[in-house]
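Reviewing the structure listed below.
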Amino acid sequence: MTATHTRQADTTKQEIAGGLTVVGGVLLMIVGVLDICRGIMAIAEDDIFVTTPNYVFEFDLTGWGWVHVALGAIAMLVSLGLVRAATWARITGIAIAALVIIANFLSLPYYPIWSVVMIAMSTFIVWALCVVRRDESFDTHRRAPHDR
């Protein structure tokens with residue numbers, strides 16, 4: 001009897017872990033698209049960015065835009081790997097989300113509300129990808145239907 005309950009609990013944990021990885025992948029795709037849009041706005045030198053005098057981390061807006069475009073493009077590629085449950089994508093996704101957090105922190109005075117939103121989304125992505133243990137991720141999808 002207890003083996004049946006343990007088996008059901010393991011299956012539920014594995015499904016939750018797989019779901020969190022997919023959620024992390026989809027959110028990373030959204031963050032990537034939004035980061036690319038933000039980078040394009042910065043490259044075009046749009047007037048939505050605030051000019052902050054005497055900020056310690058002062059950057060050229062065009063150069064900063066290219067950083068966001070590159071991070072967004074990499075995030076989108078990695079998110080495709082996350083949806084396919086690749087281990088390399090989970091590790092790279094955590095690293096990219098962390099870099100997006102740092103990039104948005106450094107550009108906080110230039111676009112404050114958007115930076116806070118992106119930091120919050122990226123923090124959730126890091127959590128979603130870190131909470132999944134290696135042995136739990138997507139095992140339910142790799143099994144034959146009669147084994148579930």
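In the structure tokens, the first chain shown is A, the next is B, and so on; residue numbers restart at 1 for each chain, and ligands run from 1 in the order shown.
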
**Request:** Can you list, as a ChimeraX atom specification, all residues belonging to range 80-143 of chain A that DSSP tags as alpha helix (DSSP H)?
**Result:** /A:80-83,87-106,112-130,139-142

**Prompt:** Which residues come within 9 Å of Leu80 in chain A, counting only C-alpha atoms, excluding same-chain residues fewer than 3 positions away, as a PyMOL selection string?
**Reply:** chain A and resi 25-26+29+75-77+83-85+89

Write the residues of the selection above to a file with all heavy atoms, as an mmCIF file, in the first residue's frame.
data_model
loop_
_atom_site.group_PDB
_atom_site.id
_atom_site.type_symbol
_atom_site.label_atom_id
_atom_site.label_comp_id
_atom_site.auth_asym_id
_atom_site.auth_seq_id
_atom_site.Cartn_x
_atom_site.Cartn_y
_atom_site.Cartn_z
ATOM 1 N N GLY A 25 10.907 28.282 -18.907
ATOM 2 C CA GLY A 25 11.249 28.455 -20.317
ATOM 3 C C GLY A 25 10.374 29.480 -21.010
ATOM 4 O O GLY A 25 10.856 30.312 -21.769
ATOM 5 N N VAL A 26 9.074 29.428 -20.746
ATOM 6 C CA VAL A 26 8.154 30.389 -21.366
ATOM 7 C C VAL A 26 8.440 31.799 -20.856
ATOM 8 O O VAL A 26 8.489 32.762 -21.639
ATOM 9 C CB VAL A 26 6.683 29.988 -21.098
ATOM 10 C CG1 VAL A 26 5.724 31.077 -21.518
ATOM 11 C CG2 VAL A 26 6.356 28.683 -21.825
ATOM 12 N N MET A 29 11.493 33.128 -22.461
ATOM 13 C CA MET A 29 11.184 33.579 -23.830
ATOM 14 C C MET A 29 10.583 34.980 -23.799
ATOM 15 O O MET A 29 10.975 35.861 -24.573
ATOM 16 C CB MET A 29 10.221 32.603 -24.503
ATOM 17 C CG MET A 29 9.731 33.044 -25.863
ATOM 18 S SD MET A 29 10.993 33.052 -27.143
ATOM 19 C CE MET A 29 11.078 31.337 -27.526
ATOM 20 N N ALA A 75 18.581 34.564 -24.479
ATOM 21 C CA ALA A 75 17.487 34.086 -23.619
ATOM 22 C C ALA A 75 16.428 33.355 -24.440
ATOM 23 O O ALA A 75 15.912 32.314 -24.014
ATOM 24 C CB ALA A 75 16.861 35.251 -22.853
ATOM 25 N N MET A 76 16.106 33.877 -25.612
ATOM 26 C CA MET A 76 15.106 33.224 -26.455
ATOM 27 C C MET A 76 15.590 31.852 -26.930
ATOM 28 O O MET A 76 14.828 30.889 -26.948
ATOM 29 C CB MET A 76 14.763 34.119 -27.644
ATOM 30 C CG MET A 76 13.937 35.324 -27.256
ATOM 31 S SD MET A 76 13.591 36.415 -28.627
ATOM 32 C CE MET A 76 12.686 35.340 -29.709
ATOM 33 N N LEU A 77 16.855 31.750 -27.309
ATOM 34 C CA LEU A 77 17.401 30.468 -27.752
ATOM 35 C C LEU A 77 17.431 29.446 -26.616
ATOM 36 O O LEU A 77 17.071 28.281 -26.802
ATOM 37 C CB LEU A 77 18.805 30.661 -28.318
ATOM 38 C CG LEU A 77 18.889 31.418 -29.639
ATOM 39 C CD1 LEU A 77 20.340 31.684 -30.002
ATOM 40 C CD2 LEU A 77 18.180 30.652 -30.734
ATOM 41 N N VAL A 83 12.125 24.249 -22.965
ATOM 42 C CA VAL A 83 10.872 23.590 -23.304
ATOM 43 C C VAL A 83 11.128 22.136 -23.699
ATOM 44 O O VAL A 83 10.308 21.268 -23.455
ATOM 45 C CB VAL A 83 10.137 24.372 -24.418
ATOM 46 C CG1 VAL A 83 8.918 23.640 -24.912
ATOM 47 C CG2 VAL A 83 9.747 25.755 -23.909
ATOM 48 N N ARG A 84 12.305 21.867 -24.245
ATOM 49 C CA ARG A 84 12.677 20.492 -24.613
ATOM 50 C C ARG A 84 13.338 19.747 -23.466
ATOM 51 O O ARG A 84 13.784 18.624 -23.626
ATOM 52 C CB ARG A 84 13.616 20.524 -25.811
ATOM 53 C CG ARG A 84 12.925 21.126 -27.027
ATOM 54 C CD ARG A 84 13.692 20.850 -28.220
ATOM 55 N NE ARG A 84 13.945 19.397 -28.232
ATOM 56 C CZ ARG A 84 14.008 18.667 -29.307
ATOM 57 N NH1 ARG A 84 13.848 19.237 -30.459
ATOM 58 N NH2 ARG A 84 14.253 17.382 -29.252
ATOM 59 N N ALA A 85 13.452 20.390 -22.295
ATOM 60 C CA ALA A 85 13.977 19.782 -21.057
ATOM 61 C C ALA A 85 15.451 19.425 -21.125
ATOM 62 O O ALA A 85 15.882 18.435 -20.543
ATOM 63 C CB ALA A 85 13.157 18.570 -20.660
ATOM 64 N N ALA A 89 20.259 23.680 -20.938
ATOM 65 C CA ALA A 89 19.402 24.866 -21.036
ATOM 66 C C ALA A 89 19.006 25.359 -19.658
ATOM 67 O O ALA A 89 18.872 26.570 -19.445
ATOM 68 C CB ALA A 89 18.165 24.554 -21.870
#

**Message:** Between CA of Ala98 in chain A and CA of Asn54 in chain A, what is the distance in Å, rounded to a tenth?
**Reply:** 25.9 Å

**Item:** Two-atom distance - CA of Gly19 in chain A, CA of Ile113 in chain A (Å)
**Value:**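 It comes out at 28.8 Å.
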
**Test item: residues at most 12 Å from Ser79 in chain A, only C-alpha atoms, excluding those fewer than 3 positions along its chain, as a ChimeraX atom specification** = /A:21-33,72-76,82-94,96-97,125,129

Could those residues be written to a file, using C-alpha atoms, as a PDB file, in the first residue's frame?
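Below is the file out.pdb, written as the result:
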ATOM      1  CA  THR A  21      10.834  24.027 -16.107  1.00  0.00           C
ATOM      2  CA  VAL A  22       8.314  24.779 -18.854  1.00  0.00           C
ATOM      3  CA  VAL A  23       7.072  27.874 -16.978  1.00  0.00           C
ATOM      4  CA  GLY A  24      10.677  29.015 -16.602  1.00  0.00           C
ATOM      5  CA  GLY A  25      11.249  28.455 -20.317  1.00  0.00           C
ATOM      6  CA  VAL A  26       8.154  30.389 -21.366  1.00  0.00           C
ATOM      7  CA  LEU A  27       8.975  33.261 -19.012  1.00  0.00           C
ATOM      8  CA  LEU A  28      12.558  33.305 -20.278  1.00  0.00           C
ATOM      9  CA  MET A  29      11.184  33.579 -23.830  1.00  0.00           C
ATOM     10  CA  ILE A  30       9.015  36.531 -22.768  1.00  0.00           C
ATOM     11  CA  VAL A  31      11.937  38.177 -20.960  1.00  0.00           C
ATOM     12  CA  GLY A  32      14.072  37.669 -24.074  1.00  0.00           C
ATOM     13  CA  VAL A  33      11.517  39.293 -26.370  1.00  0.00           C
ATOM     14  CA  GLY A  72      17.408  38.831 -25.173  1.00  0.00           C
ATOM     15  CA  ALA A  73      18.461  36.785 -28.200  1.00  0.00           C
ATOM     16  CA  ILE A  74      20.397  34.306 -26.073  1.00  0.00           C
ATOM     17  CA  ALA A  75      17.487  34.086 -23.619  1.00  0.00           C
ATOM     18  CA  MET A  76      15.106  33.224 -26.455  1.00  0.00           C
ATOM     19  CA  LEU A  82      14.121  24.568 -21.647  1.00  0.00           C
ATOM     20  CA  VAL A  83      10.872  23.590 -23.304  1.00  0.00           C
ATOM     21  CA  ARG A  84      12.677  20.492 -24.613  1.00  0.00           C
ATOM     22  CA  ALA A  85      13.977  19.782 -21.057  1.00  0.00           C
ATOM     23  CA  ALA A  86      17.676  19.977 -21.864  1.00  0.00           C
ATOM     24  CA  THR A  87      19.901  20.092 -18.774  1.00  0.00           C
ATOM     25  CA  TRP A  88      22.319  22.493 -20.449  1.00  0.00           C
ATOM     26  CA  ALA A  89      19.402  24.866 -21.036  1.00  0.00           C
ATOM     27  CA  ARG A  90      18.441  24.862 -17.365  1.00  0.00           C
ATOM     28  CA  ILE A  91      21.960  25.785 -16.297  1.00  0.00           C
ATOM     29  CA  THR A  92      22.347  28.360 -19.061  1.00  0.00           C
ATOM     30  CA  GLY A  93      18.851  29.716 -18.327  1.00  0.00           C
ATOM     31  CA  ILE A  94      19.822  30.408 -14.727  1.00  0.00           C
ATOM     32  CA  ILE A  96      21.139  34.273 -18.510  1.00  0.00           C
ATOM     33  CA  ALA A  97      18.373  35.219 -16.064  1.00  0.00           C
ATOM     34  CA  ILE A 125      12.848  32.299 -13.573  1.00  0.00           C
ATOM     35  CA  LEU A 129      14.882  26.571 -12.727  1.00  0.00           C
TER      36      LEU A 129
END

**Item:** Who sits within 8 Å of Thr62 in chain A, only C-alpha atoms, same chain under 5 positions skipped, as a PyMOL selection string
**Value:** chain A and resi 42-45

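Using only C-alpha atoms, the protein and nucleic acid residues lying no more than 7 Å from Gly39 in chain A, apart from those fewer than 3 places from it along its own chain, are A:Asp35, A:Ile36, A:Ala42, A:Ile43, A:Gly65, A:Trp66, A:His68, A:Val69.
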
Atoms kept (N, CA, C and O atoms) for selection, written as a PDB file, in the first residue's frame:
ATOM      1  N   ASP A  35      13.434  42.097 -23.625  1.00  0.00           N
ATOM      2  CA  ASP A  35      14.787  42.653 -23.575  1.00  0.00           C
ATOM      3  C   ASP A  35      15.244  43.098 -24.960  1.00  0.00           C
ATOM      4  O   ASP A  35      15.911  44.127 -25.100  1.00  0.00           O
ATOM      5  N   ILE A  36      14.888  42.333 -25.993  1.00  0.00           N
ATOM      6  CA  ILE A  36      15.220  42.746 -27.356  1.00  0.00           C
ATOM      7  C   ILE A  36      14.504  44.053 -27.698  1.00  0.00           C
ATOM      8  O   ILE A  36      15.113  44.971 -28.264  1.00  0.00           O
ATOM      9  N   ALA A  42      16.678  51.441 -27.055  1.00  0.00           N
ATOM     10  CA  ALA A  42      17.900  52.125 -26.638  1.00  0.00           C
ATOM     11  C   ALA A  42      18.793  52.423 -27.836  1.00  0.00           C
ATOM     12  O   ALA A  42      19.393  53.502 -27.916  1.00  0.00           O
ATOM     13  N   ILE A  43      18.887  51.490 -28.787  1.00  0.00           N
ATOM     14  CA  ILE A  43      19.707  51.715 -29.980  1.00  0.00           C
ATOM     15  C   ILE A  43      19.143  52.868 -30.801  1.00  0.00           C
ATOM     16  O   ILE A  43      19.878  53.700 -31.329  1.00  0.00           O
ATOM     17  N   GLY A  65      21.989  49.295 -25.346  1.00  0.00           N
ATOM     18  CA  GLY A  65      20.942  48.665 -26.147  1.00  0.00           C
ATOM     19  C   GLY A  65      21.420  47.374 -26.773  1.00  0.00           C
ATOM     20  O   GLY A  65      20.688  46.373 -26.806  1.00  0.00           O
ATOM     21  N   TRP A  66      22.649  47.359 -27.274  1.00  0.00           N
ATOM     22  CA  TRP A  66      23.190  46.132 -27.874  1.00  0.00           C
ATOM     23  C   TRP A  66      23.365  45.030 -26.834  1.00  0.00           C
ATOM     24  O   TRP A  66      23.184  43.850 -27.139  1.00  0.00           O
ATOM     25  N   HIS A  68      21.406  44.570 -24.251  1.00  0.00           N
ATOM     26  CA  HIS A  68      20.065  44.030 -24.036  1.00  0.00           C
ATOM     27  C   HIS A  68      19.598  43.172 -25.215  1.00  0.00           C
ATOM     28  O   HIS A  68      18.951  42.141 -25.021  1.00  0.00           O
ATOM     29  N   VAL A  69      19.922  43.579 -26.420  1.00  0.00           N
ATOM     30  CA  VAL A  69      19.546  42.775 -27.593  1.00  0.00           C
ATOM     31  C   VAL A  69      20.245  41.418 -27.549  1.00  0.00           C
ATOM     32  O   VAL A  69      19.624  40.376 -27.788  1.00  0.00           O
TER      33      VAL A  69
END
